[in-house]
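Chemist: What follows is final-v5.txt, compact mmCIF, C-alpha atoms.
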```
# COMPACT_ATOMS: atom_id res chain seq x y z
CA MET A 298 -83.92 -35.02 -30.13
CA THR A 299 -87.05 -34.19 -32.09
CA ASP A 300 -88.50 -32.54 -28.98
CA LEU A 301 -85.90 -29.74 -29.16
CA THR A 302 -86.76 -26.50 -30.90
CA PRO A 303 -84.71 -25.34 -33.88
CA ASP A 304 -83.06 -22.71 -31.67
CA GLU A 305 -82.10 -25.37 -29.13
CA LEU A 306 -80.77 -27.66 -31.86
CA ARG A 307 -78.75 -24.83 -33.34
CA ALA A 308 -77.22 -24.02 -29.96
CA LEU A 309 -76.44 -27.70 -29.43
CA ALA A 310 -74.75 -27.91 -32.83
CA GLU A 311 -72.70 -24.77 -32.32
CA GLN A 312 -71.48 -25.94 -28.91
CA ALA A 313 -70.65 -29.39 -30.26
CA GLY A 314 -68.74 -27.81 -33.13
CA ARG A 315 -66.49 -26.11 -30.60
CA ASP A 316 -66.20 -29.11 -28.29
CA LEU A 317 -65.50 -31.68 -31.01
CA GLU A 318 -63.06 -29.69 -33.12
CA GLY A 319 -59.98 -31.88 -33.37
CA ALA A 320 -61.83 -35.05 -32.38
CA HIS A 321 -61.40 -38.20 -34.45
CA PRO A 322 -64.23 -38.63 -36.97
CA SER A 323 -65.29 -41.85 -35.23
CA ASP A 324 -65.78 -39.93 -31.98
CA VAL A 325 -67.85 -37.31 -33.79
CA LEU A 326 -70.03 -40.05 -35.23
CA ARG A 327 -70.44 -41.75 -31.86
CA TRP A 328 -71.44 -38.44 -30.29
CA ALA A 329 -74.08 -38.02 -32.99
CA ARG A 330 -75.30 -41.59 -32.44
CA ASP A 331 -75.67 -41.00 -28.70
CA VAL A 332 -77.46 -37.68 -29.17
CA PHE A 333 -79.70 -38.33 -32.19
CA GLY A 334 -80.14 -42.10 -32.36
CA HIS A 335 -82.38 -43.03 -35.28
CA ASP A 336 -82.81 -39.37 -36.18
CA LEU A 337 -79.32 -39.46 -37.71
CA VAL A 338 -78.66 -40.11 -41.41
CA LEU A 339 -75.59 -40.10 -43.64
CA ALA A 340 -75.78 -38.84 -47.23
CA SER A 341 -73.25 -40.52 -49.53
CA SER A 342 -72.41 -40.19 -53.21
CA MET A 343 -70.11 -43.23 -52.97
CA GLY A 344 -67.23 -40.89 -53.63
CA ASP A 345 -66.76 -40.61 -49.86
CA GLU A 346 -66.06 -44.26 -49.14
CA VAL A 347 -63.93 -43.55 -46.06
CA LEU A 348 -66.86 -41.84 -44.35
CA VAL A 349 -69.18 -44.78 -45.04
CA ASP A 350 -66.57 -47.19 -43.69
CA LEU A 351 -66.13 -45.07 -40.55
CA ALA A 352 -69.87 -44.78 -40.02
CA ALA A 353 -70.49 -48.51 -40.47
CA LYS A 354 -68.02 -49.18 -37.65
CA ALA A 355 -68.92 -46.31 -35.32
CA VAL A 356 -72.71 -46.42 -35.82
CA PRO A 357 -73.67 -49.92 -37.02
CA GLY A 358 -77.05 -49.87 -38.74
CA ILE A 359 -76.91 -46.17 -39.57
CA ASP A 360 -79.21 -45.07 -42.38
CA VAL A 361 -77.26 -44.06 -45.49
CA VAL A 362 -79.05 -42.30 -48.36
CA PHE A 363 -77.67 -42.53 -51.88
CA LEU A 364 -79.12 -40.23 -54.53
CA ASP A 365 -79.37 -42.21 -57.75
CA THR A 366 -79.44 -39.40 -60.29
CA GLY A 367 -79.68 -41.73 -63.27
CA TYR A 368 -76.33 -40.45 -64.48
CA HIS A 369 -73.93 -42.30 -62.19
CA PHE A 370 -70.93 -44.26 -63.43
CA ALA A 371 -71.40 -48.03 -63.27
CA GLU A 372 -68.46 -48.11 -60.86
CA THR A 373 -70.32 -45.83 -58.46
CA ILE A 374 -73.41 -48.04 -58.50
CA GLY A 375 -71.16 -51.05 -57.87
CA THR A 376 -69.58 -49.30 -54.91
CA ARG A 377 -73.02 -48.56 -53.50
CA ASP A 378 -73.98 -52.20 -53.86
CA TYR A 379 -70.83 -53.33 -52.04
CA TYR A 380 -71.50 -51.09 -49.04
CA ALA A 381 -75.17 -52.08 -49.00
CA ASP A 382 -74.37 -55.80 -49.05
CA PHE A 383 -71.19 -56.12 -47.03
CA THR A 384 -71.12 -53.40 -44.36
CA ALA A 385 -73.27 -52.54 -41.35
CA VAL A 386 -75.27 -49.72 -42.93
CA ASN A 387 -78.93 -49.46 -43.89
CA LEU A 388 -78.61 -48.11 -47.42
CA ARG A 389 -81.56 -46.32 -48.98
CA THR A 390 -81.50 -45.36 -52.65
CA VAL A 391 -83.49 -42.21 -53.41
CA LEU A 392 -84.62 -41.37 -56.95
CA PRO A 393 -85.54 -38.06 -58.60
CA LEU A 394 -89.22 -37.41 -59.26
CA ARG A 395 -88.65 -37.92 -63.02
CA THR A 396 -86.60 -40.47 -64.91
CA VAL A 397 -83.91 -39.19 -67.27
CA ALA A 398 -86.24 -39.88 -70.19
CA GLU A 399 -89.07 -37.94 -68.56
CA GLN A 400 -86.75 -35.05 -67.80
CA ASP A 401 -85.51 -35.07 -71.40
CA ALA A 402 -89.10 -34.93 -72.64
CA GLU A 403 -89.88 -31.93 -70.44
CA HIS A 404 -86.63 -29.95 -70.66
CA GLY A 405 -84.88 -31.35 -73.72
CA PRO A 406 -81.94 -33.77 -73.90
CA ARG A 407 -78.66 -33.15 -72.08
CA LEU A 408 -80.00 -30.59 -69.64
CA HIS A 409 -76.77 -31.08 -67.70
CA ASP A 410 -74.88 -29.40 -70.57
CA ARG A 411 -77.28 -26.50 -71.08
CA ASP A 412 -78.35 -25.76 -67.50
CA PRO A 413 -76.34 -27.84 -65.01
CA ASN A 414 -77.78 -25.92 -62.06
CA LEU A 415 -81.32 -26.91 -62.98
CA CYS A 416 -80.25 -30.50 -63.62
CA CYS A 417 -78.63 -30.70 -60.19
CA ALA A 418 -81.68 -29.11 -58.60
CA LEU A 419 -83.98 -31.72 -60.12
CA ARG A 420 -81.80 -34.78 -59.73
CA LYS A 421 -79.88 -34.05 -56.51
CA VAL A 422 -81.23 -31.20 -54.41
CA GLU A 423 -84.93 -32.05 -54.50
CA PRO A 424 -84.36 -35.77 -53.82
CA LEU A 425 -82.09 -34.90 -50.90
CA GLU A 426 -84.77 -32.68 -49.38
CA ARG A 427 -87.19 -35.61 -49.41
CA ALA A 428 -84.56 -38.01 -48.11
CA LEU A 429 -83.58 -35.81 -45.16
CA ALA A 430 -87.11 -34.83 -44.15
CA PRO A 431 -87.58 -37.52 -41.44
CA TYR A 432 -84.24 -36.82 -39.72
CA THR A 433 -82.90 -34.27 -37.25
CA ALA A 434 -79.22 -34.51 -38.16
CA TRP A 435 -77.29 -35.47 -41.28
CA VAL A 436 -73.69 -36.44 -41.98
CA THR A 437 -71.62 -35.47 -45.02
CA GLY A 438 -68.13 -36.30 -46.26
CA MET A 439 -67.06 -32.69 -46.88
CA ARG A 440 -63.51 -31.67 -46.03
CA ARG A 441 -62.09 -28.17 -45.71
CA GLU A 442 -59.41 -28.80 -48.28
CA ASP A 443 -61.91 -29.97 -50.90
CA ALA A 444 -62.65 -26.52 -52.30
CA PRO A 445 -62.41 -22.80 -51.48
CA THR A 446 -66.14 -22.87 -50.72
CA ARG A 447 -65.57 -25.39 -47.91
CA THR A 448 -62.63 -23.96 -45.97
CA ASP A 449 -64.81 -22.72 -43.10
CA ILE A 450 -66.99 -25.80 -42.51
CA THR A 451 -67.26 -27.03 -38.93
CA VAL A 452 -67.18 -30.58 -37.63
CA VAL A 453 -70.69 -30.03 -36.27
CA GLY A 454 -72.79 -27.12 -37.41
CA TRP A 455 -76.26 -25.85 -38.18
CA ASP A 456 -77.89 -26.28 -41.58
CA ALA A 457 -80.09 -23.19 -41.53
CA LYS A 458 -81.56 -23.97 -44.95
CA ARG A 459 -83.05 -27.23 -43.66
CA ALA A 460 -83.19 -26.48 -39.91
CA LYS A 461 -81.11 -29.58 -39.18
CA VAL A 462 -77.82 -30.34 -37.46
CA LYS A 463 -75.13 -30.98 -40.05
CA LEU A 464 -72.03 -33.03 -39.31
CA ASN A 465 -68.81 -33.02 -41.30
CA PRO A 466 -66.67 -35.51 -39.33
CA LEU A 467 -63.86 -35.41 -41.92
CA ALA A 468 -63.75 -31.61 -42.07
CA ALA A 469 -60.18 -31.28 -40.77
CA TRP A 470 -58.76 -34.34 -42.53
CA THR A 471 -56.22 -33.88 -45.33
CA GLN A 472 -55.85 -36.20 -48.29
CA ASP A 473 -52.91 -37.76 -46.47
CA ASP A 474 -55.20 -38.53 -43.52
CA VAL A 475 -57.73 -40.12 -45.85
CA ASP A 476 -55.08 -42.17 -47.66
CA ALA A 477 -53.61 -43.38 -44.36
CA TYR A 478 -57.03 -44.54 -43.16
CA VAL A 479 -57.68 -46.33 -46.47
CA THR A 480 -54.39 -48.20 -46.19
CA GLU A 481 -54.74 -49.09 -42.52
CA HIS A 482 -58.35 -50.27 -42.75
CA HIS A 483 -58.32 -51.72 -46.29
CA VAL A 484 -61.22 -49.53 -47.34
CA VAL A 485 -62.95 -50.59 -50.56
CA LEU A 486 -62.77 -47.62 -52.91
CA ASN A 487 -64.76 -46.63 -55.96
CA PRO A 488 -62.70 -48.11 -58.85
CA LEU A 489 -62.74 -44.71 -60.56
CA ARG A 490 -60.08 -43.61 -58.08
CA GLU A 491 -57.53 -45.71 -59.92
CA ALA A 492 -58.50 -44.01 -63.18
CA GLY A 493 -57.68 -40.55 -61.82
CA TYR A 494 -61.11 -39.42 -60.62
CA ALA A 495 -60.34 -37.43 -57.47
CA SER A 496 -63.89 -36.11 -57.02
CA ILE A 497 -66.70 -38.32 -58.28
CA GLY A 498 -70.10 -37.10 -59.43
CA CYS A 499 -72.41 -37.80 -62.37
CA ALA A 500 -70.72 -39.23 -65.47
CA PRO A 501 -71.61 -36.43 -67.92
CA CYS A 502 -70.21 -33.76 -65.59
CA THR A 503 -67.10 -35.48 -64.19
CA ARG A 504 -63.69 -36.19 -65.66
CA ALA A 505 -60.40 -37.53 -64.37
CA VAL A 506 -57.80 -35.01 -63.20
CA ALA A 507 -54.13 -34.82 -64.09
CA PRO A 508 -51.43 -35.30 -61.44
CA GLY A 509 -51.10 -32.10 -59.44
CA GLU A 510 -54.39 -30.70 -60.72
CA ASP A 511 -56.96 -29.46 -58.24
CA PRO A 512 -59.08 -32.47 -57.13
CA ARG A 513 -62.30 -30.61 -57.95
CA ALA A 514 -61.12 -29.57 -61.42
CA GLY A 515 -62.84 -32.61 -62.87
CA ARG A 516 -66.30 -31.47 -61.78
CA TRP A 517 -68.23 -29.36 -64.33
CA ALA A 518 -64.95 -28.73 -66.16
CA GLY A 519 -65.03 -25.71 -68.46
CA THR A 520 -67.75 -23.95 -66.47
CA ASN A 521 -67.78 -21.69 -63.42
CA LYS A 522 -69.91 -24.18 -61.50
CA THR A 523 -68.21 -25.61 -58.41
CA GLU A 524 -71.05 -27.01 -56.27
CA CYS A 525 -74.14 -29.06 -57.04
CA GLY A 526 -76.29 -27.16 -54.54
CA LEU A 527 -76.54 -29.79 -51.81
CA HIS A 528 -74.28 -27.78 -49.52
CA THR A 529 -75.04 -24.21 -50.59
```
Please express what this file holds, its structure, as structure tokens.

Modeler:
Amino acid sequence: MTDLTPDELRALAEQAGRDLEGAHPSDVLRWARDVFGHDLVLASSMGDEVLVDLAAKAVPGIDVVFLDTGYHFAETIGTRDYYADFTAVNLRTVLPLRTVAEQDAEHGPRLHDRDPNLCCALRKVEPLERALAPYTAWVTGMRREDAPTRTDITVVGWDAKRAKVKLNPLAAWTQDDVDAYVTEHHVVLNPLREAGYASIGCAPCTRAVAPGEDPRAGRWAGTNKTECGLHT
């Protein structure tokens, strides 16, 4: 699909978003496989294990990029290693331009506490831009019920910031849908789930949530930050 212009790709994405609304995530992924082939990539934080499981079955051999920020929980790295070794995905780990030590030397220690937006920009957003550059379409695990900022996401849409087709196959799924899939398909989950981590990010900026608490309340708790910048 690299021979299509951005306007043509946008029109394709918008039409697909209408046509595939209500489709099972596996069907959305198969549509993307048929249309984009090797120009399709999935971005995973290993907090979206259901999506990786679905993709491994619907699009065997799909490229999956994992942004290793240098601040991940050990459990998250272990989950990445499981999916790399035991499922049908081609997992690529992408690193920031600077190590944590190099970033500390330039910006001072614990940048994530003083300027979390800059930390995310350096350790997540910039690496993702490099990781996505070769592809025409990318897949995320976002769901509409995740956060108020995500209620209007489409199953297939247009990422104007990057001029790429963006797929959110799980957009319409509820937590009950996710839990049912996990049970039925014996999905291997990040062990942090059992410790109460409903939304999993970098260790310094993520905490477990209490029963009944908003699932995203554990991300950047005590600040007004709600997104890392990958989707905004």

Chemist: Residues at most 12 Å from range 512-514 of chain A, counting all atoms listed in the file, excluding those fewer than 6 positions away in the same chain, as a list in words?

Modeler: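 Listing them by chain and then by number gives Arg440, Glu442, Asp443, Ala444, Pro445, Thr446, Arg447, Gln472, Arg490, Gly493, Tyr494, Ala495, Ser496, Ile497, Gly498, Cys502, Thr503, Arg504, Ala505, Val506, Thr520, Asn521, Lys522, Thr523, Glu524 and Cys525 of chain A.
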
Chemist: Quick one: residues within 8 Å of Phe333 in chain A, only C-alpha atoms, excluding same-chain residues fewer than 3 positions away - as an MDAnalysis selection string?

Modeler: chainID A and resid 298 329:330 336:337 433:434

Chemist: Can you list, as a compact mmCIF listing (two decimals) with C-alpha atoms, keeping the file's coordinate frame, every protein, DNA or RNA residue that comes within 12 Å of Ala468 in chain A when you count all atoms listed in the file, leaving out same-chain residues fewer than 6 positions away?

Modeler:
```txt
# COMPACT_ATOMS: atom_id res chain seq x y z
CA GLY A 314 -68.74 -27.81 -33.13
CA LEU A 317 -65.50 -31.68 -31.01
CA GLU A 318 -63.06 -29.69 -33.12
CA GLY A 319 -59.98 -31.88 -33.37
CA ALA A 320 -61.83 -35.05 -32.38
CA HIS A 321 -61.40 -38.20 -34.45
CA PRO A 322 -64.23 -38.63 -36.97
CA VAL A 325 -67.85 -37.31 -33.79
CA LEU A 348 -66.86 -41.84 -44.35
CA VAL A 436 -73.69 -36.44 -41.98
CA THR A 437 -71.62 -35.47 -45.02
CA GLY A 438 -68.13 -36.30 -46.26
CA MET A 439 -67.06 -32.69 -46.88
CA ARG A 440 -63.51 -31.67 -46.03
CA ARG A 441 -62.09 -28.17 -45.71
CA GLU A 442 -59.41 -28.80 -48.28
CA ASP A 443 -61.91 -29.97 -50.90
CA ALA A 444 -62.65 -26.52 -52.30
CA ARG A 447 -65.57 -25.39 -47.91
CA THR A 448 -62.63 -23.96 -45.97
CA ASP A 449 -64.81 -22.72 -43.10
CA ILE A 450 -66.99 -25.80 -42.51
CA THR A 451 -67.26 -27.03 -38.93
CA VAL A 452 -67.18 -30.58 -37.63
CA VAL A 453 -70.69 -30.03 -36.27
CA GLY A 454 -72.79 -27.12 -37.41
CA ASP A 474 -55.20 -38.53 -43.52
CA VAL A 475 -57.73 -40.12 -45.85
```

Chemist: Here is a test: counting only C-alpha atoms, which residue of A:Ala352, A:Leu425, A:Leu467, A:Leu309 is nearest to Asp365 in chain A?

Modeler: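 Between A:Ala352, A:Leu425, A:Leu467, A:Leu309, the residue approaching Asp365 in chain A most closely is A:Leu425.
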
Chemist: Considering all atoms listed in the file, can you say which of A:Leu486, A:Leu364, A:Ala340, A:Ala457 comes closest to Leu306 in chain A?

Modeler: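 Among the listed residues, the smallest separation from Leu306 in chain A belongs to A:Ala457.
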
Chemist: Give one line per residue of range 429-468 of chain A that approaches range 418-423 of chain A to at most 12 Å, naming the two atoms of the closest pair and their distance in Å to one decimal, counting only C-alpha atoms; sort by chain then ascending residue number and deliver it as a Markdown table.

Modeler:
```
| residue | atom | partner | partner_atom | distance |
| --- | --- | --- | --- | --- |
| A:Leu429 | CA | A:Glu423 | CA | 10.2 |
| A:Ala430 | CA | A:Glu423 | CA | 10.9 |
| A:Lys458 | CA | A:Val422 | CA | 11.9 |
| A:Arg459 | CA | A:Val422 | CA | 11.6 |
```

Chemist: Restricting the calculation to only C-alpha atoms: of A:Glu399, A:Asp331, A:Glu346, A:Asp324, which residue gets closest to Thr376 in chain A?

Modeler: A:Glu346

Chemist: Could you please determine the separation between CA of Thr390 in chain A and CA of Ala428 in chain A in Å, to one decimal place?

Modeler: 9.2 Å

Chemist: Identify which of the residues A:Glu426, A:Asp350, A:Glu372, A:Glu403 lies closest to Ala385 in chain A, counting all atoms listed in the file when measuring atom-to-atom distances.

Modeler: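 Nearest to Ala385 in chain A: A:Asp350.
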
Chemist: With only C-alpha atoms as the basis for distance, which of A:Met343, A:Ala308, A:Ala460, A:Ala500 is at the shortest distance from Tyr379 in chain A?

Modeler: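 Looking at the shortest contact to Tyr379 in chain A, the residue is A:Met343.
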
Chemist: Report, in Å with one decimal, the straight-line distance from CA of Asp345 in chain A to CA of Gly515 in chain A.

Modeler: 15.8 Å
